[in-house]
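Source file: my_file-v2.cif. Holds: mmCIF, C-alpha atoms.
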```cif
data_run
#
loop_
_atom_site.label_atom_id
_atom_site.label_comp_id
_atom_site.auth_asym_id
_atom_site.auth_seq_id
_atom_site.Cartn_x
_atom_site.Cartn_y
_atom_site.Cartn_z
CA MET A 1 -0.26 42.31 -44.95
CA LYS A 2 -1.02 39.05 -46.75
CA HIS A 3 2.38 37.73 -45.76
CA SER A 4 1.64 38.57 -42.10
CA GLN A 5 -1.77 36.76 -42.26
CA THR A 6 -0.17 33.64 -43.75
CA SER A 7 2.43 33.71 -41.02
CA ASP A 8 -0.32 34.01 -38.34
CA ASN A 9 -2.19 31.05 -39.86
CA ARG A 10 0.96 28.98 -39.87
CA SER A 11 1.66 29.91 -36.28
CA ALA A 12 -1.91 28.99 -35.23
CA ALA A 13 -1.69 25.67 -37.04
CA ARG A 14 1.65 24.96 -35.38
CA THR A 15 0.18 25.81 -31.96
CA ALA A 16 -2.77 23.51 -32.61
CA VAL A 17 -0.42 20.66 -33.55
CA TYR A 18 1.71 21.25 -30.45
CA ARG A 19 -1.42 21.34 -28.29
CA LEU A 20 -2.47 18.04 -29.83
CA ILE A 21 0.96 16.55 -29.16
CA VAL A 22 0.82 17.69 -25.50
CA ALA A 23 -2.72 16.30 -25.14
CA VAL A 24 -1.74 12.95 -26.71
CA ALA A 25 1.39 12.75 -24.52
CA LEU A 26 -0.74 13.38 -21.42
CA LEU A 27 -3.26 10.73 -22.51
CA VAL A 28 -0.50 8.19 -23.18
CA ALA A 29 1.05 8.92 -19.76
CA ALA A 30 -2.40 8.55 -18.14
CA ALA A 31 -3.05 5.28 -20.00
CA ILE A 32 0.30 3.85 -18.86
CA ILE A 33 -0.28 4.78 -15.21
CA LEU A 34 -3.90 3.56 -15.28
CA SER A 35 -2.82 0.22 -16.72
CA ILE A 36 -0.74 -0.55 -13.60
CA PRO A 37 -3.64 -2.17 -11.64
CA VAL A 38 -4.44 -4.32 -14.69
CA TYR A 39 -0.98 -5.84 -14.89
CA TYR A 40 -0.17 -5.64 -11.17
CA GLU A 41 -3.46 -6.41 -9.40
CA THR A 42 -3.52 -5.90 -5.64
CA MET A 43 -4.00 -8.97 -3.45
CA THR A 44 -6.81 -7.20 -1.58
CA LEU A 45 -8.95 -7.58 -4.69
CA TRP A 46 -8.52 -11.37 -4.63
CA TYR A 47 -10.60 -11.56 -1.47
CA LYS A 48 -13.41 -9.31 -2.62
CA THR A 49 -16.43 -10.46 -4.57
CA GLY A 50 -19.44 -8.87 -6.25
CA ILE A 51 -20.15 -5.20 -5.67
CA ASP A 52 -17.32 -4.94 -3.10
CA LYS A 53 -14.78 -5.96 -5.75
CA THR A 54 -16.23 -3.51 -8.29
CA MET A 55 -16.17 -0.66 -5.76
CA LEU A 56 -12.62 -1.39 -4.65
CA LYS A 57 -11.40 -1.62 -8.24
CA ALA A 58 -13.12 1.66 -9.13
CA GLY A 59 -11.63 3.21 -6.00
CA GLN A 60 -8.13 2.19 -7.01
CA TYR A 61 -8.54 3.64 -10.51
CA LEU A 62 -9.97 6.85 -9.11
CA GLY A 63 -7.01 7.10 -6.75
CA LEU A 64 -4.67 6.88 -9.72
CA VAL A 65 -6.75 9.45 -11.59
CA ALA A 66 -6.37 11.80 -8.61
CA LEU A 67 -2.61 11.16 -8.61
CA LEU A 68 -2.36 12.02 -12.31
CA LEU A 69 -4.45 15.16 -11.88
CA ILE A 70 -2.23 16.27 -8.98
CA HIS A 71 0.83 15.93 -11.20
CA LEU A 72 -0.94 17.85 -13.94
CA GLN A 73 -1.98 20.52 -11.43
CA VAL A 74 1.58 21.09 -10.23
CA ALA A 75 2.86 21.19 -13.82
CA ILE A 76 0.16 23.72 -14.80
CA SER A 77 0.79 25.90 -11.76
CA ALA A 78 4.50 26.10 -12.60
CA ARG A 79 3.41 27.80 -15.85
CA GLY A 80 6.44 26.84 -17.85
CA SER A 81 7.16 28.62 -21.10
CA ILE A 82 5.95 25.75 -23.31
CA LEU A 83 2.55 25.39 -21.60
CA SER A 84 2.12 29.19 -21.38
CA SER A 85 2.89 29.75 -25.04
CA LEU A 86 0.63 26.91 -26.12
CA PHE A 87 -2.42 27.52 -23.96
CA GLY A 88 -2.00 31.05 -22.68
CA PRO A 89 -2.01 32.12 -19.01
CA ALA A 90 -5.78 32.71 -18.84
CA LEU A 91 -6.63 29.20 -20.01
CA LEU A 92 -4.04 27.71 -17.66
CA VAL A 93 -5.62 29.52 -14.70
CA ARG A 94 -9.09 28.25 -15.68
CA LEU A 95 -7.69 24.74 -16.12
CA HIS A 96 -5.93 24.96 -12.75
CA ARG A 97 -9.13 25.95 -10.96
CA LEU A 98 -11.24 23.29 -12.69
CA ASN A 99 -8.59 20.62 -12.15
CA GLY A 100 -8.52 21.47 -8.44
CA LEU A 101 -12.20 20.58 -8.23
CA PHE A 102 -11.65 17.32 -10.10
CA ILE A 103 -8.82 16.41 -7.73
CA ALA A 104 -10.95 17.05 -4.65
CA ALA A 105 -13.91 15.13 -6.09
CA SER A 106 -11.87 12.13 -7.23
CA ALA A 107 -9.97 12.00 -3.91
CA CYS A 108 -13.22 12.03 -1.90
CA ILE A 109 -14.88 9.35 -4.04
CA HIS A 110 -11.66 7.29 -4.00
CA VAL A 111 -11.72 7.24 -0.18
CA LEU A 112 -15.38 6.18 -0.08
CA LEU A 113 -14.98 3.48 -2.71
CA VAL A 114 -11.97 2.02 -0.93
CA LEU A 115 -13.35 2.17 2.62
CA VAL A 116 -16.96 1.07 2.10
CA PRO A 117 -16.17 -2.49 0.85
CA GLU A 118 -13.97 -3.00 3.93
CA GLY A 119 -16.72 -1.79 6.25
CA MET A 120 -16.92 1.72 7.68
CA SER A 121 -16.66 0.27 11.19
CA ASN A 122 -13.36 -1.34 10.25
CA LEU A 123 -11.29 1.74 9.42
CA PRO A 124 -7.52 1.38 9.02
CA ILE A 125 -6.40 3.07 12.22
CA GLY A 126 -3.09 2.49 13.98
CA TRP A 127 0.63 2.70 13.28
CA LYS A 128 0.67 -0.32 11.00
CA PHE A 129 -1.69 1.54 8.68
CA TRP A 130 0.57 4.58 8.26
CA PRO A 131 0.25 4.71 4.42
CA GLU A 132 -3.53 5.03 4.85
CA ALA A 133 -2.91 7.76 7.47
CA VAL A 134 -0.80 9.62 4.88
CA GLY A 135 -3.82 9.35 2.58
CA ALA A 136 -6.06 10.84 5.25
CA VAL A 137 -3.68 13.79 5.72
CA LEU A 138 -3.57 14.17 1.96
CA LEU A 139 -7.35 14.33 1.75
CA LEU A 140 -7.46 17.00 4.46
CA ILE A 141 -4.84 19.14 2.68
CA ILE A 142 -6.62 18.76 -0.68
CA ALA A 143 -9.96 19.70 0.90
CA ALA A 144 -8.42 22.69 2.70
CA THR A 145 -6.60 24.02 -0.39
CA THR A 146 -9.68 23.60 -2.59
CA LEU A 147 -12.06 25.23 -0.12
CA THR A 148 -9.73 28.14 0.70
CA SER A 149 -9.19 28.74 -3.03
CA TYR A 150 -12.88 28.83 -3.89
CA PHE A 151 -14.04 30.70 -0.79
CA ARG A 152 -11.01 32.93 -0.21
CA ASN A 153 -13.06 36.11 -0.45
CA SER A 154 -15.93 34.75 1.62
CA ILE A 155 -13.60 33.84 4.49
CA ARG A 156 -11.67 37.11 4.01
CA LEU A 157 -8.33 35.42 3.46
CA SER A 158 -5.73 37.82 2.09
CA TYR A 159 -4.22 36.92 -1.27
CA GLY A 160 -0.68 37.05 0.12
CA LEU A 161 -1.43 34.65 2.97
CA TRP A 162 -3.44 32.36 0.70
CA GLN A 163 -0.62 32.16 -1.84
CA ALA A 164 2.03 31.68 0.85
CA VAL A 165 0.18 28.57 2.06
CA HIS A 166 -1.35 27.35 -1.22
CA LYS A 167 1.90 26.85 -3.13
CA PRO A 168 3.84 24.86 -0.50
CA ALA A 169 0.65 22.87 0.16
CA GLY A 170 0.55 21.94 -3.51
CA TYR A 171 4.14 20.66 -3.43
CA LEU A 172 3.42 18.82 -0.18
CA VAL A 173 0.42 17.13 -1.82
CA LEU A 174 2.66 15.99 -4.69
CA ALA A 175 5.17 14.46 -2.26
CA LEU A 176 2.51 12.85 -0.05
CA VAL A 177 0.53 11.36 -2.93
CA THR A 178 3.73 9.70 -4.17
CA VAL A 179 4.46 8.21 -0.73
CA HIS A 180 0.80 7.17 -0.31
CA ALA A 181 0.65 5.39 -3.69
CA LEU A 182 4.03 3.70 -3.21
CA PHE A 183 3.23 2.17 0.17
CA VAL A 184 -0.56 1.76 0.33
CA SER A 185 -0.92 -0.54 -2.64
CA GLU A 186 0.69 -3.90 -3.38
CA SER A 187 0.66 -2.90 -7.07
CA PHE A 188 3.57 -0.57 -6.36
CA GLU A 189 5.62 -3.27 -4.65
CA HIS A 190 6.77 -4.28 -8.16
CA MET A 191 9.71 -2.64 -9.90
CA VAL A 192 7.98 -1.47 -13.11
CA PRO A 193 5.16 0.50 -11.38
CA ARG A 194 7.71 2.01 -8.99
CA LEU A 195 9.89 3.14 -11.88
CA LEU A 196 6.89 4.57 -13.73
CA LEU A 197 5.83 6.54 -10.66
CA ALA A 198 9.39 7.74 -10.12
CA ALA A 199 9.61 8.83 -13.78
CA LEU A 200 6.33 10.74 -13.49
CA PHE A 201 7.51 12.39 -10.28
CA LEU A 202 10.83 13.41 -11.82
CA LEU A 203 9.07 14.74 -14.91
CA THR A 204 6.76 16.94 -12.84
CA VAL A 205 9.54 18.15 -10.54
CA GLY A 206 11.69 18.79 -13.62
CA THR A 207 8.90 20.84 -15.22
CA VAL A 208 8.57 22.96 -12.05
CA LEU A 209 12.31 23.47 -11.70
CA ALA A 210 12.72 24.33 -15.39
CA ALA A 211 9.91 26.90 -15.16
CA LYS A 212 11.42 28.43 -12.01
CA PHE A 213 14.94 28.52 -13.47
CA LYS A 214 13.72 30.08 -16.72
CA GLY A 215 11.58 32.57 -14.83
CA ARG A 216 14.51 33.61 -12.68
CA ARG A 217 16.72 34.00 -15.74
CA SER A 218 14.04 36.09 -17.44
CA LEU A 219 13.72 38.26 -14.34
CA THR A 220 17.44 38.99 -14.28
CA GLY A 221 17.41 39.52 -18.08
CA SER A 222 14.27 41.64 -18.31
CA SER A 223 12.07 43.08 -15.56
CA THR A 224 8.96 42.80 -17.72
CA HIS A 225 8.81 38.99 -17.40
CA GLN A 226 6.97 37.53 -14.46
CA GLN A 227 8.21 34.56 -12.50
CA GLY A 228 6.45 31.25 -13.09
CA GLY A 229 3.31 30.54 -11.08
CA ILE A 230 -0.41 31.00 -11.32
CA ASP A 231 -1.92 34.09 -9.78
CA GLU A 232 -5.49 33.78 -8.60
CA HIS A 233 -6.24 37.48 -8.98
CA MET B 234 -42.25 -16.02 56.21
CA SER B 235 -41.40 -12.91 58.20
CA ILE B 236 -39.12 -10.25 56.74
CA LYS B 237 -36.50 -11.01 59.41
CA LYS B 238 -36.50 -14.71 58.48
CA ALA B 239 -36.26 -13.86 54.77
CA ILE B 240 -33.22 -11.63 55.41
CA HIS B 241 -31.55 -14.41 57.43
CA THR B 242 -32.21 -16.92 54.63
CA ALA B 243 -30.84 -14.51 52.00
CA THR B 244 -27.74 -13.87 54.12
CA LEU B 245 -27.17 -17.62 54.53
CA ILE B 246 -27.52 -18.19 50.77
CA GLY B 247 -25.09 -15.33 50.19
CA ILE B 248 -22.52 -16.79 52.59
CA LEU B 249 -22.91 -20.21 50.96
CA LEU B 250 -22.44 -18.75 47.48
CA LEU B 251 -19.40 -16.80 48.62
CA SER B 252 -17.81 -19.89 50.14
CA CYS B 253 -18.49 -21.81 46.90
CA THR B 254 -16.74 -19.09 44.86
CA THR B 255 -13.81 -19.13 47.26
CA ALA B 256 -13.62 -22.92 46.96
CA TYR B 257 -13.77 -22.64 43.16
CA SER B 258 -10.60 -20.57 43.03
CA SER B 259 -9.05 -21.81 46.21
CA ALA B 260 -6.05 -23.28 44.39
CA ARG B 261 -2.75 -21.45 44.12
CA GLN B 262 -3.02 -18.19 42.15
CA TRP B 263 -0.41 -17.71 39.45
CA GLU B 264 0.62 -14.56 37.62
CA LEU B 265 1.07 -14.67 33.86
CA ASP B 266 4.61 -14.02 32.59
CA LYS B 267 3.50 -11.97 29.56
CA ALA B 268 6.93 -12.04 27.94
CA HIS B 269 6.71 -15.83 27.76
CA ALA B 270 3.12 -16.39 26.79
CA SER B 271 1.66 -16.70 23.31
CA ILE B 272 -1.46 -17.76 21.49
CA TYR B 273 -0.53 -18.75 17.94
CA PHE B 274 -2.72 -20.12 15.21
CA THR B 275 -2.30 -21.55 11.74
CA VAL B 276 -4.85 -21.91 9.00
CA ASP B 277 -4.56 -23.33 5.51
CA HIS B 278 -4.33 -20.91 2.60
CA ILE B 279 -4.77 -22.88 -0.66
CA PHE B 280 -1.58 -24.97 -0.35
CA SER B 281 0.35 -23.18 2.39
CA LYS B 282 -0.24 -22.32 6.03
CA VAL B 283 -0.68 -18.81 7.38
CA LEU B 284 0.74 -18.29 10.86
CA GLY B 285 -0.66 -15.64 13.15
CA GLN B 286 -1.01 -14.75 16.78
CA PHE B 287 -2.99 -12.67 19.21
CA ARG B 288 -0.48 -10.14 20.55
CA ASP B 289 -2.55 -9.23 23.58
CA PHE B 290 -4.49 -11.33 26.05
CA THR B 291 -5.06 -11.74 29.76
CA LEU B 292 -4.87 -15.07 31.52
CA GLU B 293 -5.92 -15.81 35.08
CA LEU B 294 -4.85 -19.14 36.47
CA ALA B 295 -5.53 -20.78 39.80
CA PHE B 296 -3.79 -24.12 39.70
CA ASP B 297 -2.71 -26.79 42.09
CA PRO B 298 -2.27 -30.38 40.86
CA ALA B 299 -3.42 -31.52 44.29
CA ASP B 300 -6.53 -29.34 44.21
CA LEU B 301 -7.96 -29.51 40.70
CA SER B 302 -11.50 -28.83 41.90
CA GLY B 303 -10.24 -25.48 43.17
CA SER B 304 -8.26 -24.75 39.98
CA SER B 305 -9.50 -22.52 37.19
CA LEU B 306 -8.41 -20.83 34.00
CA ALA B 307 -9.82 -17.69 32.37
CA VAL B 308 -8.48 -16.18 29.15
CA THR B 309 -9.63 -12.97 27.48
CA ILE B 310 -8.35 -12.05 24.01
CA PRO B 311 -8.96 -8.63 22.42
CA VAL B 312 -9.64 -9.65 18.81
CA ASP B 313 -8.00 -6.54 17.35
CA SER B 314 -4.63 -7.74 18.66
CA ILE B 315 -4.56 -10.28 15.82
CA ASP B 316 -1.30 -10.19 13.88
CA THR B 317 -0.46 -12.24 10.80
CA GLY B 318 2.36 -9.98 9.66
CA ILE B 319 0.31 -8.36 6.88
CA PRO B 320 -1.71 -5.35 8.14
CA LYS B 321 -4.23 -5.56 5.30
CA ARG B 322 -4.88 -9.24 6.04
CA ASP B 323 -5.31 -8.44 9.74
CA LYS B 324 -7.85 -5.77 8.81
CA HIS B 325 -9.70 -8.27 6.63
CA LEU B 326 -9.75 -10.77 9.50
CA LEU B 327 -11.26 -8.10 11.76
CA SER B 328 -13.98 -7.33 9.22
CA ALA B 329 -17.45 -8.89 9.10
CA ASP B 330 -16.02 -11.54 6.73
CA PHE B 331 -14.38 -13.14 9.78
CA PHE B 332 -14.35 -11.82 13.37
CA ASP B 333 -16.48 -8.66 13.04
CA SER B 334 -14.36 -7.18 15.83
CA LYS B 335 -16.30 -3.94 16.20
CA LYS B 336 -19.40 -5.91 17.22
CA PHE B 337 -17.53 -8.68 19.03
CA PRO B 338 -14.27 -7.23 20.37
CA GLU B 339 -13.32 -10.14 22.64
CA ILE B 340 -12.87 -13.89 22.63
CA THR B 341 -13.07 -15.49 26.08
CA PHE B 342 -12.45 -18.92 27.49
CA THR B 343 -13.57 -19.72 31.03
CA SER B 344 -12.93 -23.12 32.53
CA THR B 345 -15.70 -25.08 34.22
CA ALA B 346 -13.59 -28.06 35.30
CA ILE B 347 -9.97 -29.18 35.15
CA SER B 348 -9.17 -32.88 35.23
CA ASP B 349 -5.95 -34.88 35.30
CA ALA B 350 -5.57 -36.88 32.08
CA GLY B 351 -2.31 -38.43 33.26
CA ASP B 352 1.30 -38.01 32.21
CA GLY B 353 1.27 -34.29 33.00
CA LEU B 354 -1.72 -33.62 30.78
CA TYR B 355 -4.69 -31.67 32.11
CA ASP B 356 -8.01 -31.45 30.33
CA VAL B 357 -9.47 -27.99 30.80
CA ALA B 358 -13.18 -28.09 30.06
CA GLY B 359 -14.76 -24.72 29.60
CA THR B 360 -16.81 -22.25 27.65
CA LEU B 361 -15.38 -20.53 24.60
CA THR B 362 -17.26 -17.36 23.75
CA ILE B 363 -16.59 -16.16 20.25
CA LYS B 364 -18.65 -13.59 18.31
CA GLY B 365 -21.10 -13.51 21.20
CA GLN B 366 -21.87 -17.25 21.07
CA ALA B 367 -20.84 -19.71 23.79
CA TYR B 368 -19.44 -23.13 22.89
CA ASN B 369 -18.21 -26.00 25.03
CA LEU B 370 -14.51 -26.61 24.53
CA LEU B 371 -12.00 -29.07 25.93
CA LEU B 372 -8.51 -27.62 25.93
CA PRO B 373 -5.76 -30.14 26.71
CA LEU B 374 -2.84 -28.45 28.46
CA LYS B 375 0.43 -30.19 29.17
CA LEU B 376 2.18 -29.09 32.33
CA ALA B 377 5.72 -28.75 31.01
CA GLY B 378 7.13 -28.28 34.48
CA MET B 379 6.95 -26.52 37.80
CA ALA B 380 10.22 -25.42 39.41
CA GLU B 381 12.11 -22.56 41.00
CA HIS B 382 12.78 -19.89 38.38
CA PRO B 383 16.44 -20.25 37.27
CA ALA B 384 16.82 -16.47 36.93
CA LYS B 385 14.71 -15.32 39.87
CA LYS B 386 15.33 -16.77 43.31
CA GLY B 387 12.28 -17.24 45.50
CA THR B 388 9.91 -17.42 42.57
CA GLU B 389 8.38 -20.55 41.19
CA VAL B 390 7.60 -20.91 37.50
CA ALA B 391 5.16 -23.27 35.84
CA GLY B 392 4.81 -23.76 32.10
CA PHE B 393 1.93 -25.08 30.05
CA ASN B 394 1.62 -25.96 26.37
CA GLY B 395 -1.42 -27.05 24.47
CA SER B 396 -2.95 -27.16 21.05
CA ILE B 397 -6.41 -27.65 19.70
CA VAL B 398 -8.04 -27.67 16.28
CA ILE B 399 -11.11 -25.47 16.01
CA ASP B 400 -13.54 -25.52 13.11
CA ARG B 401 -13.88 -21.76 12.53
CA LEU B 402 -17.07 -22.15 10.49
CA ALA B 403 -18.75 -24.09 13.29
CA HIS B 404 -17.87 -21.15 15.53
CA GLY B 405 -19.26 -18.50 13.19
CA VAL B 406 -15.88 -17.13 12.05
CA GLY B 407 -16.69 -16.64 8.38
CA ASN B 408 -19.64 -17.77 6.35
CA GLY B 409 -17.75 -20.40 4.35
CA LYS B 410 -17.33 -18.24 1.25
CA PHE B 411 -13.53 -18.38 1.25
CA HIS B 412 -13.56 -22.06 2.23
CA GLN B 413 -15.81 -22.92 -0.72
CA MET B 414 -13.52 -20.92 -3.01
CA GLY B 415 -10.66 -23.10 -1.79
CA ILE B 416 -8.74 -20.16 -0.34
CA VAL B 417 -9.00 -20.26 3.47
CA GLY B 418 -9.30 -23.53 5.38
CA LYS B 419 -11.97 -24.09 7.99
CA ASP B 420 -9.80 -25.84 10.58
CA VAL B 421 -7.68 -23.51 12.66
CA GLU B 422 -4.94 -25.02 14.77
CA VAL B 423 -4.44 -23.01 17.94
CA PHE B 424 -1.26 -23.29 20.02
CA VAL B 425 -1.27 -22.01 23.56
CA THR B 426 2.01 -21.69 25.42
CA PHE B 427 2.61 -19.79 28.63
CA GLU B 428 4.61 -19.50 31.78
CA VAL B 429 3.12 -18.40 35.08
CA LEU B 430 4.92 -17.18 38.19
CA ASP B 431 4.29 -17.28 41.91
CA ASP B 432 6.26 -16.65 45.10
CA LYS B 433 7.81 -19.86 46.32
CA SER B 434 6.42 -19.40 49.81
#
```
Before we go any further, please render this structure as structure tokens.
Amino acid sequence: MKHSQTSDNRSAARTAVYRLIVAVALLVAAAIILSIPVYYETMTLWYKTGIDKTMLKAGQYLGLVALLLIHLQVAISARGSILSSLFGPALLVRLHRLNGLFIAASACIHVLLVLVPEGMSNLPIGWKFWPEAVGAVLLLIIAATTLTSYFRNSIRLSYGLWQAVHKPAGYLVLALVTVHALFVSESFEHMVPRLLLAALFLLTVGTVLAAKFKGRRSLTGSSTHQQGGIDEH
Amino acid sequence: MSIKKAIHTATLIGILLLSCTTAYSSARQWELDKAHASIYFTVDHIFSKVLGQFRDFTLELAFDPADLSGSSLAVTIPVDSIDTGIPKRDKHLLSADFFDSKKFPEITFTSTAISDAGDGLYDVAGTLTIKGQAYNLLLPLKLAGMAEHPAKKGTEVAGFNGSIVIDRLAHGVGNGKFHQMGIVGKDVEVFVTFEVLDDKS
């Protein structure tokens, strides 16, 4: 009995340490990505002064925050074995739902902070502003996925249909946010930021693929294991 | 004055006005060859020059060297056709910092008189309307030539080239902020080059 309690304590301590390591790793990754505009400032900022400059700068940072949260969201939703064992499925679901709100909020505020200094009557419309158009599509998808997730019952959307659209939409958001960031900002015209973004993208895609592969293997090995993915039941 | 007399007077004035208008543009009407017409500009940026152009504009020309009093030139430029090769810079130029294109979507130039300055040079005096304000402007245009089109029999082609330096701040394009910061110059050199076509007959 005593031996079992000691073992439980050790296991809990180990989990806490691993959780801390994951949290620190995420913070370091976030710090690296958020430092990009500091070392690779966009030219647009050179021509802004006063409150316009502050708003545009804040908008750029918030855009990067949204990008990071999207990556985190996709990684959480894959529910890989490491994250599941460390945080548990229930906490991951709660985190996924809360993170979805943060993504929607930061994306909306990002758009406002970037557009207002340029003048709302001077919107980037036309073919030559295609990266901004990708951002607009992205915002619509994020808004739609967030709203349909929170009001699924109210709008009488079946779980099956919701899930069939929600998951691909999530992967589409990940792809579009990468394209948007790469081409909308001069910061990502430099090699180092491009490589960092590519590394982050590969890491997230790798996490999803690893979770799927492991889930499939578990399914063939034992029918009691569920395939990776967050259920909203 | 009876009503009948008043109507007659009004009709006479109308006919006179109409004949004046006809006389004003009585010179030969030319059609713009859009593929060979450009309005370029350059402006200083710290130590270099930024080159841009207005991709879209209309130009109406009535011109006859022998009938300059009947000749006229009218140019209309949609401001949002500005192109400096960098979309974000174009968007900044369209903003209230420079052209404020949503409020003032067009730049126009309408000639009031064309005079022969000799050696193929024609001084086109007119009104430049930019950001809703009208300014007097003298645009010197050099008639590069007038001949039968080498690639199109029966059509005559005429070509004009001209350049002018415009103080953008004196014309309300910008409030001087970027000039004071030493970033964007105030003098904009504008190059106008175009060919016009007309049937030889």
Hey, could you make a per-residue contact list for chain B against chain A with 7 Å as the cut-off, showing the nearest pair of atoms and its distance in Å to one decimal, counting only C-alpha atoms, sorted by chain and number, as CSV?
```
residue,atom,partner,partner_atom,distance
B:Pro320,CA,A:Lys128,CA,6.3
B:Ser328,CA,A:Asn122,CA,6.1
B:Lys335,CA,A:Ser121,CA,6.6
```
Who sits within 6 Å of region 336-343 of chain B, all atoms listed in the file, same chain under 4 positions skipped, as a list in words: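 Counting only the stated atoms, we get Ala307, Val308, Thr309, Ile310, Pro311, Val312, Gly359, Thr360, Leu361, Thr362, Ile363 and Lys364 of chain B.
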Contact residues around region 24-37 of chain A with all atoms listed in the file at 7 Å, ignoring same-chain residues under 4 positions, as JSON, numbers by chain: {"A": [20, 41, 61, 64, 68, 187, 193]}
Could those selected residues go to a file with C-alpha atoms, as a PDB file, in the frame of the given file?
```pdb
ATOM      1  CA  LEU A  20      -2.470  18.040 -29.830  1.00  0.00           C
ATOM      2  CA  GLU A  41      -3.460  -6.410  -9.400  1.00  0.00           C
ATOM      3  CA  TYR A  61      -8.540   3.640 -10.510  1.00  0.00           C
ATOM      4  CA  LEU A  64      -4.670   6.880  -9.720  1.00  0.00           C
ATOM      5  CA  LEU A  68      -2.360  12.020 -12.310  1.00  0.00           C
ATOM      6  CA  SER A 187       0.660  -2.900  -7.070  1.00  0.00           C
ATOM      7  CA  PRO A 193       5.160   0.500 -11.380  1.00  0.00           C
TER       8      PRO A 193
END
```
Residues in the PyMOL selection byres ((chain B and resi 298) around 10), expressed as a list in words: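 This file, filtered by the PyMOL selection byres ((chain B and resi 298) around 10), leaves Ala260, Arg261, Phe296, Asp297, Ala299, Asp300, Leu301, Ser302, Gly303, Ser304, Ile347, Ser348, Asp349, Gly353, Tyr355 and Leu376 of chain B.
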One-decimal distance in Å that lies between CA of Arg79 (chain A) and CA of Ala136 (chain A):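 Between CA of Ala136 (chain A) and CA of Arg79 (chain A) the gap is 28.7 Å.
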Ground truth for the PyMOL selection byres ((chain B and resi 386) around 12), written as a PyMOL selection string: chain B and resi 380-385+387-390+430-434
Answer key for the PyMOL selection byres ((chain B and resi 280) around 12), residues as an MDAnalysis selection string: chainID B and resid 276:279 281:283 415:418
Gap from CA of Phe427 (chain B) to CA of Ser305 (chain B) - Å, one decimal: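 Here the two named atoms are 15.1 Å from each other.
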Computed interatomic separation between CA of Ala175 (chain A) and CA of Ile155 (chain A) (Å):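 Going from CA of Ala175 (chain A) over to CA of Ile155 (chain A) covers 27.8 Å.
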Nearby residues, (-14.3, -18.5, 12.7) file frame, 9 Å, all atoms listed in the file, as number ranges by chain: B: 331-332, 363-364, 399-408, 419-421
Residues within 6 Å of (1.7, -18.1, 25.7), file coords, only C-alpha atoms, listed as a ChimeraX atom specification: /B:269-272,425-427
Counting only C-alpha atoms, the residue of A:Leu182, A:Lys57, A:Val205, A:Tyr18 that sits nearest Val38 (chain A):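 Counting only C-alpha atoms, the residue closest to Val38 (chain A) is A:Lys57.
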Exercise: Ala210 (chain A) partners within 8 Å, only C-alpha atoms, chain neighbours under 4 positions left out, as a list in words: Gly80, Gly206 and Lys214 of chain A
Using C-alpha atoms, can you write the selected residues to a file as a short mmCIF file (atom, residue, chain, number, x, y, z; two decimals), keeping the file's coordinate frame?
```
data_model
loop_
_atom_site.label_atom_id
_atom_site.label_comp_id
_atom_site.auth_asym_id
_atom_site.auth_seq_id
_atom_site.Cartn_x
_atom_site.Cartn_y
_atom_site.Cartn_z
CA GLY A 80 6.44 26.84 -17.85
CA GLY A 206 11.69 18.79 -13.62
CA LYS A 214 13.72 30.08 -16.72
#
```
Given only C-alpha atoms as the counted atoms, nearest of B:Gly392, B:Pro373, B:Gly409, B:Gly365 to Trp263 (chain B):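 Among B:Gly392, B:Pro373, B:Gly409, B:Gly365, it is B:Gly392 that comes nearest to Trp263 (chain B).
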Selected residue, from B:Met414, B:Ala295, B:Ala346, B:Ala329, that lies nearest to Leu370 (chain B) when counting all atoms listed in the file: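 Checking each candidate against Leu370 (chain B), we get B:Ala346 as the closest.
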Test item: write region 403-410 of chain B with N, CA and C atoms as a CSV table (one decimal), in the first residue's frame:
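Dumped everything to selection14.csv:
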```csv
chain,number,residue,atom,x,y,z
B,403,ALA,N,2.6,72.0,-52.4
B,403,ALA,CA,1.8,73.1,-52.8
B,403,ALA,C,0.5,72.7,-53.4
B,404,HIS,N,0.3,71.5,-53.8
B,404,HIS,CA,-0.9,71.0,-54.4
B,404,HIS,C,-1.7,70.1,-53.4
B,405,GLY,N,-1.3,70.1,-52.2
B,405,GLY,CA,-2.1,69.4,-51.1
B,405,GLY,C,-1.9,67.9,-51.0
B,406,VAL,N,-0.8,67.4,-51.8
B,406,VAL,CA,-0.6,66.0,-51.7
B,406,VAL,C,0.4,65.7,-50.6
B,407,GLY,N,-0.1,65.5,-49.4
B,407,GLY,CA,0.7,65.3,-48.2
B,407,GLY,C,0.8,66.6,-47.4
B,408,ASN,N,1.0,66.4,-46.1
B,408,ASN,CA,1.0,67.6,-45.2
B,408,ASN,C,2.5,68.0,-44.9
B,409,GLY,N,3.4,67.4,-45.5
B,409,GLY,CA,4.8,67.8,-45.3
B,409,GLY,C,5.5,66.9,-44.3
B,410,LYS,N,4.8,66.1,-43.6
B,410,LYS,CA,5.3,65.2,-42.5
B,410,LYS,C,6.5,64.4,-43.0
```
